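Structure file data38.pdb with PDB, C-alpha atoms:
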```pdb
ATOM      1  CA  MET D   1     253.691 129.497  28.276
ATOM      2  CA  ARG D   2     250.337 130.529  29.723
ATOM      3  CA  VAL D   3     247.431 130.191  27.279
ATOM      4  CA  LEU D   4     243.725 130.915  27.383
ATOM      5  CA  ILE D   5     241.620 128.555  25.280
ATOM      6  CA  ILE D   6     238.080 129.210  24.057
ATOM      7  CA  ASP D   7     235.821 126.587  22.508
ATOM      8  CA  THR D   8     232.235 127.177  21.384
ATOM      9  CA  ALA D   9     232.331 125.185  18.136
ATOM     10  CA  LEU D  10     230.270 122.155  19.183
ATOM     11  CA  ASP D  11     227.975 121.225  22.064
ATOM     12  CA  ALA D  12     230.017 122.781  24.860
ATOM     13  CA  CYS D  13     231.171 126.178  26.049
ATOM     14  CA  THR D  14     234.721 126.058  27.388
ATOM     15  CA  ALA D  15     237.190 128.625  28.657
ATOM     16  CA  ALA D  16     240.382 127.512  30.372
ATOM     17  CA  VAL D  17     243.839 128.723  31.285
ATOM     18  CA  PHE D  18     246.814 126.335  31.093
ATOM     19  CA  GLU D  19     250.481 126.949  31.782
ATOM     20  CA  ASP D  20     252.970 124.501  30.268
ATOM     21  CA  GLY D  21     250.283 121.821  30.129
ATOM     22  CA  ARG D  22     249.047 122.374  33.685
ATOM     23  CA  PRO D  23     245.416 123.515  34.192
ATOM     24  CA  LEU D  24     245.129 126.698  36.252
ATOM     25  CA  GLY D  25     241.472 127.537  35.723
ATOM     26  CA  VAL D  26     238.829 125.609  33.774
ATOM     27  CA  ARG D  27     235.200 126.393  33.060
ATOM     28  CA  THR D  28     233.225 124.107  30.762
ATOM     29  CA  GLU D  29     229.575 123.216  30.348
ATOM     30  CA  LEU D  30     227.714 121.130  27.792
ATOM     31  CA  MET D  31     225.218 123.251  25.851
ATOM     32  CA  ALA D  32     223.772 123.212  22.358
ATOM     33  CA  ARG D  33     223.053 126.956  22.357
ATOM     34  CA  GLY D  34     223.497 129.972  24.608
ATOM     35  CA  HIS D  35     227.280 130.198  24.257
ATOM     36  CA  SER D  36     227.225 133.971  23.856
ATOM     37  CA  GLU D  37     225.514 134.446  27.222
ATOM     38  CA  ARG D  38     227.968 132.236  29.135
ATOM     39  CA  LEU D  39     231.333 132.701  27.450
ATOM     40  CA  GLY D  40     232.298 136.062  28.966
ATOM     41  CA  GLY D  41     231.667 134.853  32.505
ATOM     42  CA  PHE D  42     233.537 131.610  31.875
ATOM     43  CA  VAL D  43     236.597 133.496  30.619
ATOM     44  CA  ARG D  44     236.500 135.906  33.559
ATOM     45  CA  ASP D  45     236.220 133.102  36.098
ATOM     46  CA  ALA D  46     238.880 130.899  34.502
ATOM     47  CA  VAL D  47     241.388 133.753  34.485
ATOM     48  CA  ALA D  48     240.492 134.801  38.035
ATOM     49  CA  GLU D  49     241.070 131.245  39.279
ATOM     50  CA  THR D  50     244.714 131.440  38.195
ATOM     51  CA  GLY D  51     245.427 134.097  40.823
ATOM     52  CA  GLY D  52     246.712 136.426  38.107
ATOM     53  CA  GLY D  53     245.065 138.691  35.575
ATOM     54  CA  PHE D  54     244.716 138.875  31.832
ATOM     55  CA  GLU D  55     248.159 140.490  31.673
ATOM     56  CA  THR D  56     249.725 137.116  32.605
ATOM     57  CA  LEU D  57     248.515 135.449  29.390
ATOM     58  CA  ASP D  58     250.890 134.789  26.503
ATOM     59  CA  ARG D  59     248.409 133.809  23.796
ATOM     60  CA  ILE D  60     244.793 132.844  23.127
ATOM     61  CA  GLY D  61     243.571 129.753  21.290
ATOM     62  CA  VAL D  62     240.115 129.363  19.762
ATOM     63  CA  THR D  63     238.411 126.555  17.869
ATOM     64  CA  VAL D  64     237.749 127.475  14.241
ATOM     65  CA  GLY D  65     235.571 124.543  13.213
ATOM     66  CA  PRO D  66     234.098 122.685  11.627
ATOM     67  CA  GLY D  67     231.111 123.043  13.899
ATOM     68  CA  SER D  68     228.046 125.141  14.562
ATOM     69  CA  PHE D  69     228.025 128.308  12.456
ATOM     70  CA  THR D  70     226.579 130.353  15.318
ATOM     71  CA  GLY D  71     228.881 128.861  17.929
ATOM     72  CA  LEU D  72     231.960 129.456  15.810
ATOM     73  CA  ARG D  73     231.119 133.119  15.317
ATOM     74  CA  VAL D  74     230.651 133.605  19.074
ATOM     75  CA  GLY D  75     234.012 132.119  19.996
ATOM     76  CA  LEU D  76     235.980 133.687  17.163
ATOM     77  CA  ALA D  77     234.586 137.178  17.713
ATOM     78  CA  PHE D  78     235.271 137.007  21.451
ATOM     79  CA  ALA D  79     238.809 135.649  21.039
ATOM     80  CA  GLN D  80     239.771 138.165  18.367
ATOM     81  CA  GLY D  81     238.325 141.071  20.327
ATOM     82  CA  LEU D  82     240.106 140.002  23.508
ATOM     83  CA  GLY D  83     243.355 139.419  21.642
ATOM     84  CA  ALA D  84     243.202 142.880  20.089
ATOM     85  CA  ALA D  85     242.475 144.515  23.453
ATOM     86  CA  LEU D  86     245.350 142.697  25.191
ATOM     87  CA  GLY D  87     247.799 142.768  22.294
ATOM     88  CA  LEU D  88     248.050 138.958  22.293
ATOM     89  CA  PRO D  89     248.378 136.540  19.366
ATOM     90  CA  VAL D  90     245.257 134.464  18.689
ATOM     91  CA  VAL D  91     245.740 130.921  17.388
ATOM     92  CA  GLY D  92     243.081 129.084  15.394
ATOM     93  CA  VAL D  93     242.688 125.409  16.369
ATOM     94  CA  SER D  94     240.848 122.883  14.194
ATOM     95  CA  THR D  95     238.022 121.128  16.012
ATOM     96  CA  LEU D  96     238.916 117.895  14.221
ATOM     97  CA  GLU D  97     242.577 118.117  15.217
ATOM     98  CA  ALA D  98     241.617 118.877  18.817
ATOM     99  CA  LEU D  99     239.260 115.882  18.927
ATOM    100  CA  ALA D 100     242.002 113.605  17.603
ATOM    101  CA  ARG D 101     244.539 114.938  20.111
ATOM    102  CA  SER D 102     241.992 114.451  22.896
ATOM    103  CA  ALA D 103     241.648 110.787  21.929
ATOM    104  CA  ASP D 104     245.275 109.783  21.301
ATOM    105  CA  ASP D 105     247.544 112.517  22.754
ATOM    106  CA  GLY D 106     249.275 112.695  19.391
ATOM    107  CA  ARG D 107     250.036 108.976  19.088
ATOM    108  CA  GLY D 108     248.536 106.360  16.789
ATOM    109  CA  ALA D 109     246.081 106.455  13.890
ATOM    110  CA  THR D 110     242.945 108.422  14.702
ATOM    111  CA  ALA D 111     239.964 109.568  12.651
ATOM    112  CA  ALA D 112     238.048 112.551  13.997
ATOM    113  CA  VAL D 113     234.429 112.393  12.862
ATOM    114  CA  ILE D 114     231.747 115.007  13.593
ATOM    115  CA  ASP D 115     228.059 114.482  12.862
ATOM    116  CA  ALA D 116     227.284 117.166  10.266
ATOM    117  CA  ARG D 117     223.565 116.256   9.951
ATOM    118  CA  ARG D 118     221.882 115.797   6.570
ATOM    119  CA  SER D 119     223.440 112.281   6.333
ATOM    120  CA  GLN D 120     226.951 113.734   6.304
ATOM    121  CA  VAL D 121     229.980 113.805   8.597
ATOM    122  CA  TYR D 122     233.025 116.053   8.865
ATOM    123  CA  LEU D 123     236.108 113.836   8.741
ATOM    124  CA  GLN D 124     239.872 114.130   9.018
ATOM    125  CA  ARG D 125     242.472 111.438   9.700
ATOM    126  CA  PHE D 126     245.650 111.825  11.757
ATOM    127  CA  ARG D 127     248.699 109.659  12.366
ATOM    128  CA  ASN D 128     250.892 110.422  15.362
ATOM    129  CA  GLY D 129     249.349 113.871  15.604
ATOM    130  CA  ALA D 130     249.957 114.857  11.971
ATOM    131  CA  PRO D 131     247.123 115.117   9.433
ATOM    132  CA  VAL D 132     247.184 112.496   6.671
ATOM    133  CA  SER D 133     244.064 113.801   4.931
ATOM    134  CA  LYS D 134     242.364 117.136   4.516
ATOM    135  CA  PRO D 135     239.183 117.966   6.468
ATOM    136  CA  GLU D 136     236.145 116.998   4.392
ATOM    137  CA  ALA D 137     232.360 116.869   4.469
ATOM    138  CA  LEU D 138     231.431 113.375   3.298
ATOM    139  CA  SER D 139     228.326 111.250   3.102
ATOM    140  CA  ILE D 140     228.074 108.650   5.863
ATOM    141  CA  GLU D 141     228.423 105.902   3.244
ATOM    142  CA  ASP D 142     231.613 107.379   1.726
ATOM    143  CA  ALA D 143     233.166 108.019   5.135
ATOM    144  CA  THR D 144     232.379 104.481   6.305
ATOM    145  CA  ALA D 145     233.990 102.993   3.206
ATOM    146  CA  LEU D 146     237.063 105.222   3.564
ATOM    147  CA  LEU D 147     237.624 104.318   7.214
ATOM    148  CA  ALA D 148     237.197 100.614   6.495
ATOM    149  CA  GLU D 149     240.506 100.746   4.591
ATOM    150  CA  GLY D 150     242.585 101.091   7.775
ATOM    151  CA  ASP D 151     242.659 100.379  11.485
ATOM    152  CA  TRP D 152     241.492 103.806  12.624
ATOM    153  CA  LYS D 153     240.573 104.760  16.158
ATOM    154  CA  MET D 154     237.456 106.896  15.767
ATOM    155  CA  THR D 155     236.401 109.793  17.922
ATOM    156  CA  GLY D 156     233.798 112.543  17.775
ATOM    157  CA  SER D 157     230.026 112.774  17.601
ATOM    158  CA  GLY D 158     229.969 111.051  14.213
ATOM    159  CA  ALA D 159     232.076 108.037  15.185
ATOM    160  CA  ALA D 160     229.092 105.760  15.821
ATOM    161  CA  LEU D 161     227.622 106.701  12.424
ATOM    162  CA  VAL D 162     230.627 105.258  10.585
ATOM    163  CA  GLY D 163     231.131 102.102  12.624
ATOM    164  CA  GLY D 164     233.086 103.425  15.590
ATOM    165  CA  SER D 165     232.414 103.123  19.292
ATOM    166  CA  GLY D 166     229.382 104.875  20.727
ATOM    167  CA  GLU D 167     231.530 105.955  23.704
ATOM    168  CA  ALA D 168     233.703 108.367  21.703
ATOM    169  CA  ALA D 169     234.169 111.904  23.041
ATOM    170  CA  THR D 170     232.001 114.511  21.326
ATOM    171  CA  THR D 171     233.864 117.692  22.353
ATOM    172  CA  PRO D 172     237.604 118.471  22.529
ATOM    173  CA  ALA D 173     239.355 118.189  25.891
ATOM    174  CA  PRO D 174     240.635 121.511  27.286
ATOM    175  CA  ALA D 175     244.116 120.005  27.736
ATOM    176  CA  ALA D 176     244.275 119.070  24.040
ATOM    177  CA  LEU D 177     243.187 122.558  22.990
ATOM    178  CA  ALA D 178     245.835 124.091  25.246
ATOM    179  CA  ALA D 179     248.584 121.833  23.873
ATOM    180  CA  LEU D 180     247.738 122.728  20.270
ATOM    181  CA  THR D 181     247.467 126.435  21.100
ATOM    182  CA  ALA D 182     250.957 126.386  22.596
ATOM    183  CA  ALA D 183     252.448 124.296  19.764
ATOM    184  CA  HIS D 184     251.004 126.078  16.718
ATOM    185  CA  ASP D 185     252.537 129.093  15.000
ATOM    186  CA  PRO D 186     249.978 131.933  15.218
ATOM    187  CA  ALA D 187     250.997 133.224  11.783
ATOM    188  CA  ALA D 188     250.293 129.850  10.153
ATOM    189  CA  ASN D 189     247.113 129.180  12.125
ATOM    190  CA  PRO D 190     245.001 132.359  12.058
ATOM    191  CA  PRO D 191     241.607 132.550  13.791
ATOM    192  CA  ARG D 192     239.516 132.085  10.638
ATOM    193  CA  PRO D 193     236.410 129.882  10.497
ATOM    194  CA  LEU D 194     236.803 126.499   8.818
ATOM    195  CA  TYR D 195     233.588 125.948   6.871
ATOM    196  CA  LEU D 196     233.315 122.681   4.960
ATOM    197  CA  ARG D 197     229.887 123.367   3.490
ATOM    198  CA  ALA D 198     227.467 126.256   3.063
ATOM    199  CA  PRO D 199     225.224 127.210   6.015
ATOM    200  CA  ASP D 200     221.762 125.690   6.230
ATOM    201  CA  ALA D 201     220.138 129.095   6.679
ATOM    202  CA  THR D 202     219.296 131.201   3.619
ATOM    203  CA  PRO D 203     218.875 134.978   3.440
ATOM    204  CA  PRO D 204     215.284 136.319   3.353
ATOM    205  CA  THR D 205     213.823 137.068  -0.039
ATOM    206  CA  ARG D 206     212.274 140.342   1.216
ATOM    207  CA  LEU D 207     212.828 142.824   4.026
ATOM    208  CA  PRO D 208     210.471 143.045   7.038
ATOM    209  CA  GLY D 209     207.393 145.066   6.040
ATOM    210  CA  GLN D 210     208.176 144.793   2.360
ATOM    211  CA  ALA D 211     205.229 143.768   0.176
ATOM    212  CA  ARG D 212     205.244 140.346  -1.378
ATOM    213  CA  PRO D 213     206.001 140.396  -5.127
ATOM    214  CA  VAL D 214     202.982 140.227  -7.401
ATOM    215  CA  VAL D 215     202.910 137.066  -9.530
ATOM    216  CA  LEU D 216     201.081 137.703 -12.809
ATOM    217  CA  GLY D 217     198.991 135.118 -14.580
ATOM    218  CA  LEU D 218     197.393 133.543 -11.490
TER     219      LEU D 218
END
```
Please go through the file and, once you have read it, give me the structure as structure tokens.
Amino acid sequence: MRVLIIDTALDACTAAVFEDGRPLGVRTELMARGHSERLGGFVRDAVAETGGGFETLDRIGVTVGPGSFTGLRVGLAFAQGLGAALGLPVVGVSTLEALARSADDGRGATAAVIDARRSQVYLQRFRNGAPVSKPEALSIEDATALLAEGDWKMTGSGAALVGGSGEAATTPAPAALAALTAAHDPAANPPRPLYLRAPDATPPTRLPGQARPVVLGL
């Protein structure tokens, strides 16, 4: 199976084509923002490197979060638009699951931990590739206490916050994303964003040019 994977959920922009676990074309770059400007070119170049065209793809995989709200929207919109244009199934891949697979290749007890800011982490635990807990947004204190109950290998940008190694990977490996894209049922893993808490941004209280409300009694 030949799959195209797209990841803009965290601090990297990645587009890669794999066939039966073998990389054919990979483009990835660490970046905190600017995914929308780079993603199209990365996808084009990764597909071109395979020596074939978009018609050789069997499915598309895209990270659905948790992660950056802006980054998630960029990747999901691009993947869904491309899938619709090519008539290909699009598979949603959890960022936490992909981080765990990157660290253990589906073997052992692994906790994927992402720094969620505001003294929180996103956390999910896996054993031999299968989830043993749901993805959650937890305080650093609660996550640390939870992970102290077992011998968990920790990975992700939040690993050091909860007592793990500071050398843990912070973004999913393309090979792990490709393996999950090929293994998952598209019908059971739709490309929908996985939000574990509300966005930090709030809508404006008035439109541009609109007068400020008059407060009486001042």
Please enumerate the residues selected by the PyMOL selection byres ((chain D and resi 177) around 9) when evaluated against the supplied file, formatted as a list of chain:residue names. D:Ile5, D:Ile6, D:Asp7, D:Gly61, D:Val62, D:Thr63, D:Val93, D:Thr95, D:Glu97, D:Ala98, D:Leu99, D:Arg101, D:Ser102, D:Pro172, D:Ala173, D:Pro174, D:Ala175, D:Ala176, D:Ala178, D:Ala179, D:Leu180, D:Thr181, D:Ala182
Set up a box along x, y and z of the file covering all listed atoms of region 85-92 of chain D, add 5 Å on every one of the six sides, and write the centre and edge lengths in Å to one decimal, as AutoDock Vina command-line options.
```
--center_x 245.4 --center_y 136.8 --center_z 20.3 --size_x 15.9 --size_y 25.4 --size_z 19.8
```
Show me, as a list in words, the residues that have an atom within 10 Å of Gly51 (chain D) when counting only C-alpha atoms, minus same-chain residues fewer than 4 positions from it. Leu24, Gly25, Ala46, Val47 and Thr56 of chain D
Nearby residues, (232.9, 132.5, 30.4) file frame, 10 Å, all atoms listed in the file, as a PDB file with C-alpha atoms, keeping the file's coordinate frame:
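Dumped to part_13.pdb:
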```
ATOM      1  CA  ILE D   6     238.080 129.210  24.057  1.00  0.00           C
ATOM      2  CA  CYS D  13     231.171 126.178  26.049  1.00  0.00           C
ATOM      3  CA  THR D  14     234.721 126.058  27.388  1.00  0.00           C
ATOM      4  CA  ALA D  15     237.190 128.625  28.657  1.00  0.00           C
ATOM      5  CA  ALA D  16     240.382 127.512  30.372  1.00  0.00           C
ATOM      6  CA  VAL D  26     238.829 125.609  33.774  1.00  0.00           C
ATOM      7  CA  ARG D  27     235.200 126.393  33.060  1.00  0.00           C
ATOM      8  CA  THR D  28     233.225 124.107  30.762  1.00  0.00           C
ATOM      9  CA  GLU D  29     229.575 123.216  30.348  1.00  0.00           C
ATOM     10  CA  HIS D  35     227.280 130.198  24.257  1.00  0.00           C
ATOM     11  CA  SER D  36     227.225 133.971  23.856  1.00  0.00           C
ATOM     12  CA  GLU D  37     225.514 134.446  27.222  1.00  0.00           C
ATOM     13  CA  ARG D  38     227.968 132.236  29.135  1.00  0.00           C
ATOM     14  CA  LEU D  39     231.333 132.701  27.450  1.00  0.00           C
ATOM     15  CA  GLY D  40     232.298 136.062  28.966  1.00  0.00           C
ATOM     16  CA  GLY D  41     231.667 134.853  32.505  1.00  0.00           C
ATOM     17  CA  PHE D  42     233.537 131.610  31.875  1.00  0.00           C
ATOM     18  CA  VAL D  43     236.597 133.496  30.619  1.00  0.00           C
ATOM     19  CA  ARG D  44     236.500 135.906  33.559  1.00  0.00           C
ATOM     20  CA  ASP D  45     236.220 133.102  36.098  1.00  0.00           C
ATOM     21  CA  ALA D  46     238.880 130.899  34.502  1.00  0.00           C
ATOM     22  CA  VAL D  47     241.388 133.753  34.485  1.00  0.00           C
TER      23      VAL D  47
END
```
Take the PyMOL selection byres ((chain D and resi 125) around 10), run it mentally on this structure, and tell me the resulting residues as an MDAnalysis selection string. chainID D and resid 96:97 100 109:113 123:124 126:127 129:136 147 152:154
Select all residues near (228.3, 113.2, 14.6) (cut-off 7 Å, inclusive, file coordinates), counting all atoms listed in the file, and output them as a list in words.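 The requested residues, written out, are Val113, Ile114, Asp115, Ala116, Val121, Gly156, Ser157, Gly158, Ala159 and Leu161 of chain D.
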Which is closest to Asp58 (chain D) among D:Val17, D:Gly106, D:Thr8, D:Gly75, if we use all atoms listed in the file? D:Val17
Using the chain letters and numbers from the file, which residues does the PyMOL selection byres ((chain D and resi 169) around 7) grab, as a list of chain:residue names?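 Answer for the PyMOL selection byres ((chain D and resi 169) around 7): D:Thr155, D:Gly156, D:Ser157, D:Glu167, D:Ala168, D:Thr170, D:Thr171.
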Quote the spacing between CA of Arg118 (chain D) and CA of Leu76 (chain D) in Å to one decimal place.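 These atoms are spaced 25.1 Å apart.
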Write out N, CA, C and O atoms for region 49-75 of chain D, as an mmCIF file, in the coordinates of the input.
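Output file out_25.cif follows:
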```cif
data_model
loop_
_atom_site.group_PDB
_atom_site.id
_atom_site.type_symbol
_atom_site.label_atom_id
_atom_site.label_comp_id
_atom_site.auth_asym_id
_atom_site.auth_seq_id
_atom_site.Cartn_x
_atom_site.Cartn_y
_atom_site.Cartn_z
ATOM 1 N N GLU D 49 240.658 132.412 38.505
ATOM 2 C CA GLU D 49 241.070 131.245 39.279
ATOM 3 C C GLU D 49 242.584 131.041 39.268
ATOM 4 O O GLU D 49 243.141 130.382 40.153
ATOM 5 N N THR D 50 243.263 131.608 38.282
ATOM 6 C CA THR D 50 244.714 131.440 38.195
ATOM 7 C C THR D 50 245.449 132.250 39.257
ATOM 8 O O THR D 50 246.627 132.017 39.513
ATOM 9 N N GLY D 51 244.768 133.230 39.864
ATOM 10 C CA GLY D 51 245.427 134.097 40.823
ATOM 11 C C GLY D 51 246.138 135.263 40.161
ATOM 12 O O GLY D 51 246.697 136.134 40.844
ATOM 13 N N GLY D 52 246.134 135.307 38.851
ATOM 14 C CA GLY D 52 246.712 136.426 38.107
ATOM 15 C C GLY D 52 245.643 137.100 37.289
ATOM 16 O O GLY D 52 244.451 136.796 37.416
ATOM 17 N N GLY D 53 246.022 137.990 36.424
ATOM 18 C CA GLY D 53 245.065 138.691 35.575
ATOM 19 C C GLY D 53 245.301 138.371 34.112
ATOM 20 O O GLY D 53 246.120 137.519 33.758
ATOM 21 N N PHE D 54 244.570 139.083 33.269
ATOM 22 C CA PHE D 54 244.716 138.875 31.832
ATOM 23 C C PHE D 54 246.119 139.225 31.350
ATOM 24 O O PHE D 54 246.575 138.707 30.329
ATOM 25 N N GLU D 55 246.818 140.088 32.091
ATOM 26 C CA GLU D 55 248.159 140.490 31.673
ATOM 27 C C GLU D 55 249.170 139.350 31.794
ATOM 28 O O GLU D 55 250.287 139.443 31.272
ATOM 29 N N THR D 56 248.804 138.253 32.466
ATOM 30 C CA THR D 56 249.725 137.116 32.605
ATOM 31 C C THR D 56 249.640 136.150 31.425
ATOM 32 O O THR D 56 250.442 135.221 31.331
ATOM 33 N N LEU D 57 248.689 136.354 30.531
ATOM 34 C CA LEU D 57 248.515 135.449 29.390
ATOM 35 C C LEU D 57 249.544 135.720 28.305
ATOM 36 O O LEU D 57 249.956 136.869 28.089
ATOM 37 N N ASP D 58 249.944 134.656 27.612
ATOM 38 C CA ASP D 58 250.890 134.789 26.503
ATOM 39 C C ASP D 58 250.216 134.689 25.144
ATOM 40 O O ASP D 58 250.680 135.288 24.172
ATOM 41 N N ARG D 59 249.150 133.911 25.051
ATOM 42 C CA ARG D 59 248.409 133.809 23.796
ATOM 43 C C ARG D 59 247.027 133.236 24.062
ATOM 44 O O ARG D 59 246.769 132.707 25.140
ATOM 45 N N ILE D 60 246.167 133.339 23.053
ATOM 46 C CA ILE D 60 244.793 132.844 23.127
ATOM 47 C C ILE D 60 244.592 131.839 22.007
ATOM 48 O O ILE D 60 245.030 132.058 20.871
ATOM 49 N N GLY D 61 243.938 130.738 22.305
ATOM 50 C CA GLY D 61 243.571 129.753 21.290
ATOM 51 C C GLY D 61 242.064 129.643 21.186
ATOM 52 O O GLY D 61 241.360 129.713 22.193
ATOM 53 N N VAL D 62 241.567 129.468 19.973
ATOM 54 C CA VAL D 62 240.115 129.363 19.762
ATOM 55 C C VAL D 62 239.831 128.342 18.673
ATOM 56 O O VAL D 62 240.556 128.253 17.677
ATOM 57 N N THR D 63 238.794 127.528 18.895
ATOM 58 C CA THR D 63 238.411 126.555 17.869
ATOM 59 C C THR D 63 237.796 127.268 16.672
ATOM 60 O O THR D 63 236.999 128.187 16.817
ATOM 61 N N VAL D 64 238.192 126.812 15.473
ATOM 62 C CA VAL D 64 237.749 127.475 14.241
ATOM 63 C C VAL D 64 236.796 126.615 13.428
ATOM 64 O O VAL D 64 236.342 127.015 12.362
ATOM 65 N N GLY D 65 236.483 125.412 13.924
ATOM 66 C CA GLY D 65 235.571 124.543 13.213
ATOM 67 C C GLY D 65 236.291 123.357 12.610
ATOM 68 O O GLY D 65 237.512 123.200 12.794
ATOM 69 N N PRO D 66 235.527 122.527 11.920
ATOM 70 C CA PRO D 66 234.098 122.685 11.627
ATOM 71 C C PRO D 66 233.236 122.527 12.868
ATOM 72 O O PRO D 66 233.655 121.935 13.853
ATOM 73 N N GLY D 67 232.033 123.094 12.780
ATOM 74 C CA GLY D 67 231.111 123.043 13.899
ATOM 75 C C GLY D 67 229.897 123.898 13.617
ATOM 76 O O GLY D 67 229.588 124.207 12.464
ATOM 77 N N SER D 68 229.234 124.299 14.676
ATOM 78 C CA SER D 68 228.046 125.141 14.562
ATOM 79 C C SER D 68 228.428 126.518 14.031
ATOM 80 O O SER D 68 229.351 127.151 14.546
ATOM 81 N N PHE D 69 227.719 126.996 13.025
ATOM 82 C CA PHE D 69 228.025 128.308 12.456
ATOM 83 C C PHE D 69 227.875 129.393 13.518
ATOM 84 O O PHE D 69 228.722 130.273 13.653
ATOM 85 N N THR D 70 226.800 129.338 14.289
ATOM 86 C CA THR D 70 226.579 130.353 15.318
ATOM 87 C C THR D 70 227.624 130.256 16.411
ATOM 88 O O THR D 70 228.195 131.266 16.840
ATOM 89 N N GLY D 71 227.889 129.042 16.881
ATOM 90 C CA GLY D 71 228.881 128.861 17.929
ATOM 91 C C GLY D 71 230.259 129.334 17.514
ATOM 92 O O GLY D 71 230.971 129.988 18.291
ATOM 93 N N LEU D 72 230.654 129.026 16.299
ATOM 94 C CA LEU D 72 231.960 129.456 15.810
ATOM 95 C C LEU D 72 232.087 130.973 15.822
ATOM 96 O O LEU D 72 233.114 131.522 16.231
ATOM 97 N N ARG D 73 231.063 131.653 15.361
ATOM 98 C CA ARG D 73 231.119 133.119 15.317
ATOM 99 C C ARG D 73 231.254 133.702 16.720
ATOM 100 O O ARG D 73 231.974 134.690 16.924
ATOM 101 N N VAL D 74 230.575 133.112 17.693
ATOM 102 C CA VAL D 74 230.651 133.605 19.074
ATOM 103 C C VAL D 74 232.080 133.508 19.588
ATOM 104 O O VAL D 74 232.648 134.473 20.104
ATOM 105 N N GLY D 75 232.668 132.317 19.473
ATOM 106 C CA GLY D 75 234.012 132.119 19.996
ATOM 107 C C GLY D 75 235.061 132.932 19.266
ATOM 108 O O GLY D 75 235.948 133.529 19.890
#
```
